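Chemist: Contents of protein13.cif (mmCIF, C-alpha atoms) are given next:
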```
data_query
loop_
_atom_site.group_PDB
_atom_site.id
_atom_site.type_symbol
_atom_site.label_atom_id
_atom_site.label_comp_id
_atom_site.auth_asym_id
_atom_site.auth_seq_id
_atom_site.Cartn_x
_atom_site.Cartn_y
_atom_site.Cartn_z
ATOM 1 C CA MET F 1 127.901 51.259 -142.507
ATOM 2 C CA THR F 2 127.388 48.632 -145.162
ATOM 3 C CA SER F 3 124.160 46.667 -145.162
ATOM 4 C CA TRP F 4 125.910 43.393 -144.276
ATOM 5 C CA LYS F 5 127.492 45.039 -141.235
ATOM 6 C CA ALA F 6 124.124 46.431 -140.156
ATOM 7 C CA ALA F 7 122.543 43.001 -140.610
ATOM 8 C CA ALA F 8 125.343 41.362 -138.631
ATOM 9 C CA LEU F 9 124.930 43.916 -135.844
ATOM 10 C CA ALA F 10 121.174 43.372 -135.770
ATOM 11 C CA LEU F 11 121.677 39.629 -135.554
ATOM 12 C CA ALA F 12 124.279 40.013 -132.795
ATOM 13 C CA LEU F 13 121.954 42.216 -130.743
ATOM 14 C CA VAL F 14 118.934 39.991 -131.221
ATOM 15 C CA CYS F 15 120.993 36.966 -130.213
ATOM 16 C CA ALA F 16 122.746 38.938 -127.485
ATOM 17 C CA PRO F 17 123.653 37.205 -124.301
ATOM 18 C CA LEU F 18 120.692 35.363 -123.080
ATOM 19 C CA ALA F 19 120.167 33.213 -120.127
ATOM 20 C CA ALA F 20 119.258 32.685 -116.615
ATOM 21 C CA CYS F 21 121.673 35.425 -115.743
ATOM 22 C CA ASP F 22 124.934 33.703 -116.483
ATOM 23 C CA LYS F 23 126.022 34.025 -120.092
ATOM 24 C CA PRO F 24 128.487 36.678 -121.310
ATOM 25 C CA ALA F 25 127.483 39.364 -123.767
ATOM 26 C CA GLU F 26 128.834 40.135 -127.176
ATOM 27 C CA THR F 27 129.456 43.686 -128.223
ATOM 28 C CA ALA F 28 128.471 45.539 -131.370
ATOM 29 C CA SER F 29 130.358 48.128 -133.339
ATOM 30 C CA GLN F 30 129.832 51.802 -132.665
ATOM 31 C CA GLY F 31 127.866 53.991 -135.054
ATOM 32 C CA SER F 32 125.179 51.409 -135.768
ATOM 33 C CA THR F 33 122.187 52.158 -137.950
ATOM 34 C CA VAL F 34 120.142 49.519 -136.126
ATOM 35 C CA GLN F 35 117.149 51.096 -134.358
ATOM 36 C CA ILE F 36 117.339 50.400 -130.635
ATOM 37 C CA GLY F 37 115.128 52.274 -128.208
ATOM 38 C CA GLY F 38 111.875 54.084 -128.613
ATOM 39 C CA PRO F 39 108.774 55.258 -126.822
ATOM 40 C CA PHE F 40 107.819 53.723 -123.486
ATOM 41 C CA GLN F 41 105.394 54.376 -120.638
ATOM 42 C CA LEU F 42 106.581 53.012 -117.321
ATOM 43 C CA VAL F 43 106.755 54.097 -113.672
ATOM 44 C CA ASP F 44 109.836 54.827 -111.610
ATOM 45 C CA MET F 45 110.596 53.361 -108.197
ATOM 46 C CA ASN F 46 108.677 56.231 -106.590
ATOM 47 C CA GLY F 47 105.561 55.385 -108.608
ATOM 48 C CA ARG F 48 105.887 58.411 -110.917
ATOM 49 C CA PRO F 49 105.151 57.982 -114.644
ATOM 50 C CA VAL F 50 108.244 58.036 -116.896
ATOM 51 C CA THR F 51 108.722 57.969 -120.651
ATOM 52 C CA GLU F 52 111.690 58.012 -122.989
ATOM 53 C CA LYS F 53 111.452 61.832 -122.871
ATOM 54 C CA THR F 54 112.254 61.702 -119.135
ATOM 55 C CA LEU F 55 115.804 60.654 -120.060
ATOM 56 C CA LEU F 56 116.524 63.278 -122.726
ATOM 57 C CA GLY F 57 119.158 65.900 -122.014
ATOM 58 C CA LYS F 58 121.716 63.511 -120.507
ATOM 59 C CA PRO F 59 123.457 60.447 -121.913
ATOM 60 C CA THR F 60 121.821 57.271 -120.640
ATOM 61 C CA ALA F 61 122.871 53.737 -119.714
ATOM 62 C CA ILE F 62 119.934 51.297 -119.583
ATOM 63 C CA PHE F 63 119.994 47.724 -118.321
ATOM 64 C CA PHE F 64 117.067 45.283 -118.348
ATOM 65 C CA GLY F 65 116.925 42.718 -115.548
ATOM 66 C CA PHE F 66 115.035 41.674 -112.438
ATOM 67 C CA THR F 67 115.582 41.955 -108.715
ATOM 68 C CA TYR F 68 115.479 38.194 -108.046
ATOM 69 C CA CYS F 69 118.294 37.589 -110.542
ATOM 70 C CA PRO F 70 121.001 35.513 -108.875
ATOM 71 C CA GLU F 71 124.112 36.714 -110.704
ATOM 72 C CA VAL F 72 124.084 38.932 -113.806
ATOM 73 C CA CYS F 73 121.885 41.726 -112.447
ATOM 74 C CA PRO F 74 123.614 42.251 -109.094
ATOM 75 C CA THR F 75 127.009 41.913 -110.788
ATOM 76 C CA THR F 76 126.053 44.490 -113.414
ATOM 77 C CA MET F 77 124.661 46.916 -110.830
ATOM 78 C CA ALA F 78 127.806 46.496 -108.694
ATOM 79 C CA GLU F 79 129.973 47.228 -111.749
ATOM 80 C CA MET F 80 127.828 50.241 -112.593
ATOM 81 C CA THR F 81 128.180 51.471 -109.003
ATOM 82 C CA ALA F 82 131.976 51.169 -109.262
ATOM 83 C CA TRP F 83 131.993 52.970 -112.638
ATOM 84 C CA LEU F 84 129.855 55.817 -111.283
ATOM 85 C CA LYS F 85 132.235 56.187 -108.346
ATOM 86 C CA ALA F 86 135.220 56.205 -110.719
ATOM 87 C CA LEU F 87 133.579 58.906 -112.862
ATOM 88 C CA GLY F 88 133.449 61.204 -109.852
ATOM 89 C CA PRO F 89 131.371 64.370 -110.345
ATOM 90 C CA ASP F 90 130.900 63.512 -114.047
ATOM 91 C CA ALA F 91 128.606 60.642 -112.987
ATOM 92 C CA ASP F 92 125.924 63.244 -112.248
ATOM 93 C CA LYS F 93 125.824 64.001 -115.992
ATOM 94 C CA LEU F 94 124.568 60.482 -116.748
ATOM 95 C CA ASN F 95 121.184 58.743 -116.458
ATOM 96 C CA VAL F 96 121.496 55.140 -115.289
ATOM 97 C CA VAL F 97 118.337 53.041 -115.457
ATOM 98 C CA PHE F 98 117.487 49.495 -114.376
ATOM 99 C CA VAL F 99 114.290 48.380 -116.153
ATOM 100 C CA SER F 100 112.594 45.336 -114.644
ATOM 101 C CA VAL F 101 111.434 42.533 -116.920
ATOM 102 C CA ASP F 102 109.609 40.977 -113.945
ATOM 103 C CA PRO F 103 106.655 43.291 -113.288
ATOM 104 C CA GLU F 104 104.856 40.560 -111.314
ATOM 105 C CA ARG F 105 107.373 40.782 -108.474
ATOM 106 C CA ASP F 106 109.241 44.016 -109.167
ATOM 107 C CA THR F 107 106.917 46.659 -107.836
ATOM 108 C CA PRO F 108 108.244 50.199 -107.410
ATOM 109 C CA GLU F 109 108.792 49.401 -103.716
ATOM 110 C CA GLN F 110 110.760 46.222 -104.531
ATOM 111 C CA LEU F 111 112.906 48.114 -107.061
ATOM 112 C CA LYS F 112 113.624 50.818 -104.491
ATOM 113 C CA LEU F 113 114.650 48.233 -101.899
ATOM 114 C CA TYR F 114 116.852 46.328 -104.368
ATOM 115 C CA LEU F 115 118.548 49.419 -105.800
ATOM 116 C CA SER F 116 119.264 50.779 -102.312
ATOM 117 C CA ASN F 117 122.199 48.338 -102.366
ATOM 118 C CA PHE F 118 123.837 50.240 -105.228
ATOM 119 C CA ASP F 119 124.678 53.803 -106.268
ATOM 120 C CA PRO F 120 121.730 56.106 -105.439
ATOM 121 C CA ARG F 121 121.867 57.618 -108.938
ATOM 122 C CA ILE F 122 120.606 54.348 -110.458
ATOM 123 C CA GLN F 123 116.908 54.695 -111.229
ATOM 124 C CA GLY F 124 114.484 51.763 -111.353
ATOM 125 C CA PHE F 125 111.619 51.512 -113.858
ATOM 126 C CA THR F 126 108.784 48.983 -113.991
ATOM 127 C CA GLY F 127 105.272 48.831 -115.387
ATOM 128 C CA THR F 128 102.470 46.605 -116.528
ATOM 129 C CA PRO F 129 103.409 43.370 -118.279
ATOM 130 C CA GLU F 130 102.150 44.877 -121.548
ATOM 131 C CA ASN F 131 104.228 48.051 -121.175
ATOM 132 C CA ILE F 132 107.328 46.077 -120.206
ATOM 133 C CA ALA F 133 106.847 43.863 -123.287
ATOM 134 C CA LYS F 134 106.526 46.925 -125.565
ATOM 135 C CA THR F 135 109.591 48.547 -124.027
ATOM 136 C CA ALA F 136 111.668 45.370 -124.291
ATOM 137 C CA LYS F 137 110.664 45.004 -127.940
ATOM 138 C CA ALA F 138 111.659 48.610 -128.716
ATOM 139 C CA TYR F 139 115.037 48.061 -127.054
ATOM 140 C CA ARG F 140 115.515 44.624 -128.659
ATOM 141 C CA VAL F 141 115.711 42.971 -125.264
ATOM 142 C CA TYR F 142 114.987 39.271 -124.889
ATOM 143 C CA TYR F 143 113.349 37.924 -121.747
ATOM 144 C CA GLN F 144 111.338 34.826 -120.970
ATOM 145 C CA LYS F 145 109.865 33.341 -117.820
ATOM 146 C CA VAL F 146 111.280 29.913 -116.937
ATOM 147 C CA ALA F 147 109.562 27.633 -114.415
ATOM 148 C CA THR F 148 111.663 26.330 -111.533
ATOM 149 C CA ASP F 149 111.165 23.405 -109.170
ATOM 150 C CA GLY F 150 108.614 24.107 -106.485
ATOM 151 C CA GLY F 151 106.302 26.205 -108.677
ATOM 152 C CA GLY F 152 108.475 29.332 -108.808
ATOM 153 C CA TYR F 153 110.141 30.943 -111.778
ATOM 154 C CA THR F 154 113.216 32.765 -112.941
ATOM 155 C CA LEU F 155 113.823 34.765 -116.090
ATOM 156 C CA ASP F 156 116.179 34.313 -118.991
ATOM 157 C CA HIS F 157 117.103 37.756 -120.294
ATOM 158 C CA SER F 158 119.559 39.787 -122.331
ATOM 159 C CA SER F 159 122.471 41.013 -120.245
ATOM 160 C CA THR F 160 123.698 44.028 -122.186
ATOM 161 C CA ILE F 161 123.852 47.638 -120.989
ATOM 162 C CA TYR F 162 122.600 49.926 -123.769
ATOM 163 C CA LEU F 163 124.186 53.371 -124.118
ATOM 164 C CA PHE F 164 122.312 56.352 -125.583
ATOM 165 C CA ASP F 165 123.366 59.932 -126.232
ATOM 166 C CA ALA F 166 121.577 62.938 -124.716
ATOM 167 C CA GLN F 167 119.129 63.000 -127.659
ATOM 168 C CA GLY F 168 118.110 59.383 -127.050
ATOM 169 C CA ARG F 169 120.044 57.867 -129.962
ATOM 170 C CA PHE F 170 121.630 54.450 -129.476
ATOM 171 C CA VAL F 171 125.436 54.639 -129.335
ATOM 172 C CA GLU F 172 126.728 51.180 -128.405
ATOM 173 C CA PRO F 173 126.335 48.357 -125.893
ATOM 174 C CA ILE F 174 128.471 47.379 -122.934
ATOM 175 C CA GLY F 175 128.683 43.601 -122.993
ATOM 176 C CA TYR F 176 128.372 41.535 -119.837
ATOM 177 C CA GLY F 177 131.566 39.958 -118.612
ATOM 178 C CA GLY F 178 133.888 42.318 -120.447
ATOM 179 C CA PRO F 179 136.897 43.976 -118.864
ATOM 180 C CA PRO F 180 135.668 46.501 -116.254
ATOM 181 C CA GLU F 181 138.040 49.171 -117.557
ATOM 182 C CA ARG F 182 136.427 48.898 -121.003
ATOM 183 C CA GLY F 183 132.979 49.620 -119.563
ATOM 184 C CA LEU F 184 134.350 52.630 -117.712
ATOM 185 C CA ASP F 185 136.051 53.890 -120.896
ATOM 186 C CA GLN F 186 132.762 53.509 -122.790
ATOM 187 C CA LEU F 187 130.935 55.614 -120.202
ATOM 188 C CA LYS F 188 133.662 58.280 -120.323
ATOM 189 C CA ALA F 189 133.381 58.381 -124.124
ATOM 190 C CA LEU F 190 129.582 58.603 -123.878
ATOM 191 C CA LEU F 191 129.864 61.658 -121.645
ATOM 192 C CA LYS F 192 131.956 63.398 -124.323
ATOM 193 C CA ILE F 193 129.377 62.949 -127.098
#
```
What would you get if you wrote out this structure as structure tokens?
Modeler:
Amino acid sequence: MTSWKAAALALALVCAPLAACDKPAETASQGSTVQIGGPFQLVDMNGRPVTEKTLLGKPTAIFFGFTYCPEVCPTTMAEMTAWLKALGPDADKLNVVFVSVDPERDTPEQLKLYLSNFDPRIQGFTGTPENIAKTAKAYRVYYQKVATDGGGYTLDHSSTIYLFDAQGRFVEPIGYGGPPERGLDQLKALLKI
């Protein structure tokens, strides 16, 4: 990949769909040399420690969001649930992870409750604010707390699903708001890598 293409991809990913859960994502080209992903230390929705090594051995789809998200997160998890169903038995060959960017509210118990509404193969990860910040930085995920009326808050955040091969190498993103059949095709292709 030429350096201008790599730079353009990096810019597209950094400026990827942001917002209070309502802006569509842009996609990047496959075969990127941009480094996305890396070491992390979080806990799963059962309170067990997890790292990037936990996901090795299977292709992985990772999405960063929060359980109080009004639109993008539940829509994405519903799409992922439909894609896993459409994959049939092959869905068991895939890690699917929802990483919370709201560790204040998204305890392991809250993640478990939220994800019980979707496919049971979807795992939930959370952690300390510091560990979430490090993980988000490694995965080039944007998120920011935004105050709401009444003293509450919501979060602006990237809305891309990141796909990784079984060795933990970034493959490509699935953009929010794209055709559902494209996302399913991307997961099928990921399983063949």
Chemist: If I take CA of Pro173 (chain F) and CA of Pro120 (chain F), how far is one from the other in Å, to one decimal?
Modeler: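 These atoms are spaced 22.4 Å apart.
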Chemist: Please evaluate the PyMOL selection byres ((chain F and resi 135-148) around 10) against the displayed coordinates and give the resulting residues as a ChimeraX atom specification.
Modeler: /F:10,13-20,35-42,52,62-65,99-102,127,129-134,149-160,162,170
Chemist: Show which residues sit within 9 Å of Leu94 (chain F), as a list in words. Count only C-alpha atoms, and ignore same-chain residues fewer than 3 positions away.
Modeler: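 Near Leu94 (chain F), the qualifying residues are Lys58, Pro59, Thr60, Ala61, Leu84, Asp90, Ala91, Arg121, Ala166, Leu187, Leu190 and Leu191 of chain F.
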Chemist: So that I have them on file, write out the residues from the current selection with C-alpha atoms, as a JSON list (two decimals), in the coordinates of the input.
Modeler:
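As written to disk, selection_38.json reads:
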```json
[["chain", "number", "residue", "atom", "x", "y", "z"],
["F", 58, "LYS", "CA", 121.72, 63.51, -120.51],
["F", 59, "PRO", "CA", 123.46, 60.45, -121.91],
["F", 60, "THR", "CA", 121.82, 57.27, -120.64],
["F", 61, "ALA", "CA", 122.87, 53.74, -119.71],
["F", 84, "LEU", "CA", 129.85, 55.82, -111.28],
["F", 90, "ASP", "CA", 130.90, 63.51, -114.05],
["F", 91, "ALA", "CA", 128.61, 60.64, -112.99],
["F", 121, "ARG", "CA", 121.87, 57.62, -108.94],
["F", 166, "ALA", "CA", 121.58, 62.94, -124.72],
["F", 187, "LEU", "CA", 130.94, 55.61, -120.20],
["F", 190, "LEU", "CA", 129.58, 58.60, -123.88],
["F", 191, "LEU", "CA", 129.86, 61.66, -121.64]]
```
Chemist: Hey, can you check how far CA of Asp92 (chain F) sits from CA of Thr51 (chain F)?
Modeler: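 Here the two named atoms are 19.9 Å from each other.
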Chemist: What does the distance between CA of Ala82 (chain F) and CA of Arg48 (chain F) come to in Å, to one decimal place?
Modeler: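 CA of Ala82 (chain F) sits 27.1 Å away from CA of Arg48 (chain F).
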Chemist: Can you tell me which residues surround Glu109 (chain F) at a distance of at most 10 Å, considering only C-alpha atoms, apart from same-chain residues fewer than 5 positions away, and format the answer as a PDB file with C-alpha atoms, in the frame of the given file?
Modeler:
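And here's out.pdb as it stands now:
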```pdb
ATOM      1  CA  ASP F  44     109.836  54.827-111.610  1.00  0.00           C
ATOM      2  CA  MET F  45     110.596  53.361-108.197  1.00  0.00           C
ATOM      3  CA  ASN F  46     108.677  56.231-106.590  1.00  0.00           C
ATOM      4  CA  GLY F  47     105.561  55.385-108.608  1.00  0.00           C
ATOM      5  CA  TYR F 114     116.852  46.328-104.368  1.00  0.00           C
ATOM      6  CA  LEU F 115     118.548  49.419-105.800  1.00  0.00           C
ATOM      7  CA  GLY F 124     114.484  51.763-111.353  1.00  0.00           C
TER       8      GLY F 124
END
```
Chemist: Under the rule that all atoms listed in the file are counted, which of F:Phe125, F:Pro180, F:Lys188, F:Gly168 is the nearest residue to Leu111 (chain F)?
Modeler: F:Phe125
Chemist: Any chance you could work out the axis-aligned box around region 172-183 of chain F, listed atoms only, 6 Å on each side, giving centre and edge lengths in Å to one decimal, as lines of an AutoDock Vina configuration file?
Modeler:
```
center_x = 132.2
center_y = 45.6
center_z = -122.3
size_x = 23.7
size_y = 23.2
size_z = 24.2
```
Chemist: Given the file shown, determine the residues that the PyMOL selection byres ((chain F and resi 72) around 8) selects; report them as a PDB file with C-alpha atoms, in the coordinates of the input.
Modeler:
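This went into out.pdb:
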```
ATOM      1  CA  CYS F  21     121.673  35.425-115.743  1.00  0.00           C
ATOM      2  CA  ASP F  22     124.934  33.703-116.483  1.00  0.00           C
ATOM      3  CA  CYS F  69     118.294  37.589-110.542  1.00  0.00           C
ATOM      4  CA  PRO F  70     121.001  35.513-108.875  1.00  0.00           C
ATOM      5  CA  GLU F  71     124.112  36.714-110.704  1.00  0.00           C
ATOM      6  CA  CYS F  73     121.885  41.726-112.447  1.00  0.00           C
ATOM      7  CA  PRO F  74     123.614  42.251-109.094  1.00  0.00           C
ATOM      8  CA  THR F  75     127.009  41.913-110.788  1.00  0.00           C
ATOM      9  CA  THR F  76     126.053  44.490-113.414  1.00  0.00           C
ATOM     10  CA  SER F 159     122.471  41.013-120.245  1.00  0.00           C
ATOM     11  CA  TYR F 176     128.372  41.535-119.837  1.00  0.00           C
TER      12      TYR F 176
END
```
Chemist: Looking at only C-alpha atoms, which of F:Thr126, F:Gln110, F:Thr81, F:Ser116 is the one that sits closest to Phe98 (chain F)?
Modeler: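 Distance minimum relative to Phe98 (chain F) lands on F:Thr126.
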Chemist: Please, could all heavy atoms be added to region 41-52 of chain F and the result written as a short mmCIF file (atom, residue, chain, number, x, y, z; two decimals), keeping the file's coordinate frame?
Modeler:
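part-v4.cif, written as the output of this step:
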```
data_model
loop_
_atom_site.label_atom_id
_atom_site.label_comp_id
_atom_site.auth_asym_id
_atom_site.auth_seq_id
_atom_site.Cartn_x
_atom_site.Cartn_y
_atom_site.Cartn_z
N GLN F 41 106.17 53.80 -121.74
CA GLN F 41 105.39 54.38 -120.64
C GLN F 41 105.51 53.44 -119.46
O GLN F 41 104.88 52.38 -119.44
CB GLN F 41 103.93 54.56 -121.04
CG GLN F 41 103.73 55.58 -122.14
CD GLN F 41 102.26 55.76 -122.49
OE1 GLN F 41 101.45 54.87 -122.30
NE2 GLN F 41 101.94 56.94 -123.01
N LEU F 42 106.34 53.83 -118.50
CA LEU F 42 106.58 53.01 -117.32
C LEU F 42 106.40 53.87 -116.07
O LEU F 42 105.94 55.01 -116.16
CB LEU F 42 108.00 52.43 -117.39
CG LEU F 42 108.31 51.55 -118.60
CD1 LEU F 42 109.79 51.18 -118.66
CD2 LEU F 42 107.45 50.29 -118.59
N VAL F 43 106.75 53.33 -114.91
CA VAL F 43 106.76 54.10 -113.67
C VAL F 43 108.11 53.91 -113.02
O VAL F 43 108.75 52.86 -113.17
CB VAL F 43 105.63 53.69 -112.70
CG1 VAL F 43 104.26 54.02 -113.27
CG2 VAL F 43 105.72 52.23 -112.31
N ASP F 44 108.55 54.95 -112.30
CA ASP F 44 109.84 54.83 -111.61
C ASP F 44 109.62 54.19 -110.24
O ASP F 44 108.50 53.84 -109.87
CB ASP F 44 110.57 56.17 -111.54
CG ASP F 44 109.91 57.20 -110.63
OD1 ASP F 44 109.01 56.84 -109.82
OD2 ASP F 44 110.31 58.37 -110.70
N MET F 45 110.69 54.06 -109.48
CA MET F 45 110.60 53.36 -108.20
C MET F 45 109.89 54.19 -107.13
O MET F 45 109.68 53.71 -106.02
CB MET F 45 111.97 52.90 -107.73
CG MET F 45 113.00 53.95 -107.60
SD MET F 45 114.61 53.16 -107.43
CE MET F 45 115.61 54.58 -107.06
N ASN F 46 109.50 55.41 -107.49
CA ASN F 46 108.68 56.23 -106.59
C ASN F 46 107.23 56.26 -107.06
O ASN F 46 106.42 57.01 -106.52
CB ASN F 46 109.24 57.65 -106.49
CG ASN F 46 110.61 57.66 -105.84
OD1 ASN F 46 110.78 57.10 -104.75
ND2 ASN F 46 111.59 58.24 -106.50
N GLY F 47 106.92 55.46 -108.09
CA GLY F 47 105.56 55.38 -108.61
C GLY F 47 105.19 56.48 -109.59
O GLY F 47 104.03 56.57 -110.00
N ARG F 48 106.16 57.31 -109.98
CA ARG F 48 105.89 58.41 -110.92
C ARG F 48 105.98 57.91 -112.36
O ARG F 48 106.88 57.12 -112.69
CB ARG F 48 106.88 59.54 -110.74
CG ARG F 48 106.76 60.25 -109.40
CD ARG F 48 107.76 61.38 -109.31
NE ARG F 48 109.12 60.83 -109.40
CZ ARG F 48 110.10 61.11 -108.57
NH1 ARG F 48 109.91 61.94 -107.58
NH2 ARG F 48 111.30 60.56 -108.72
N PRO F 49 105.08 58.37 -113.24
CA PRO F 49 105.15 57.98 -114.64
C PRO F 49 106.45 58.49 -115.29
O PRO F 49 106.90 59.61 -115.00
CB PRO F 49 103.94 58.68 -115.28
CG PRO F 49 103.06 59.08 -114.16
CD PRO F 49 103.94 59.24 -112.95
N VAL F 50 107.05 57.66 -116.15
CA VAL F 50 108.24 58.04 -116.90
C VAL F 50 108.09 57.57 -118.33
O VAL F 50 107.42 56.57 -118.61
CB VAL F 50 109.54 57.43 -116.28
CG1 VAL F 50 109.88 58.09 -114.96
CG2 VAL F 50 109.42 55.93 -116.11
N THR F 51 108.69 58.34 -119.24
CA THR F 51 108.72 57.97 -120.65
C THR F 51 110.15 58.14 -121.15
O THR F 51 111.03 58.59 -120.39
CB THR F 51 107.79 58.87 -121.50
OG1 THR F 51 108.36 60.20 -121.55
CG2 THR F 51 106.37 58.93 -120.93
N GLU F 52 110.36 57.82 -122.40
CA GLU F 52 111.69 58.01 -122.99
C GLU F 52 112.11 59.48 -122.93
O GLU F 52 113.30 59.79 -122.83
CB GLU F 52 111.72 57.49 -124.44
CG GLU F 52 110.98 58.33 -125.45
CD GLU F 52 109.45 58.23 -125.40
OE1 GLU F 52 108.89 57.42 -124.61
OE2 GLU F 52 108.80 58.98 -126.15
#
```
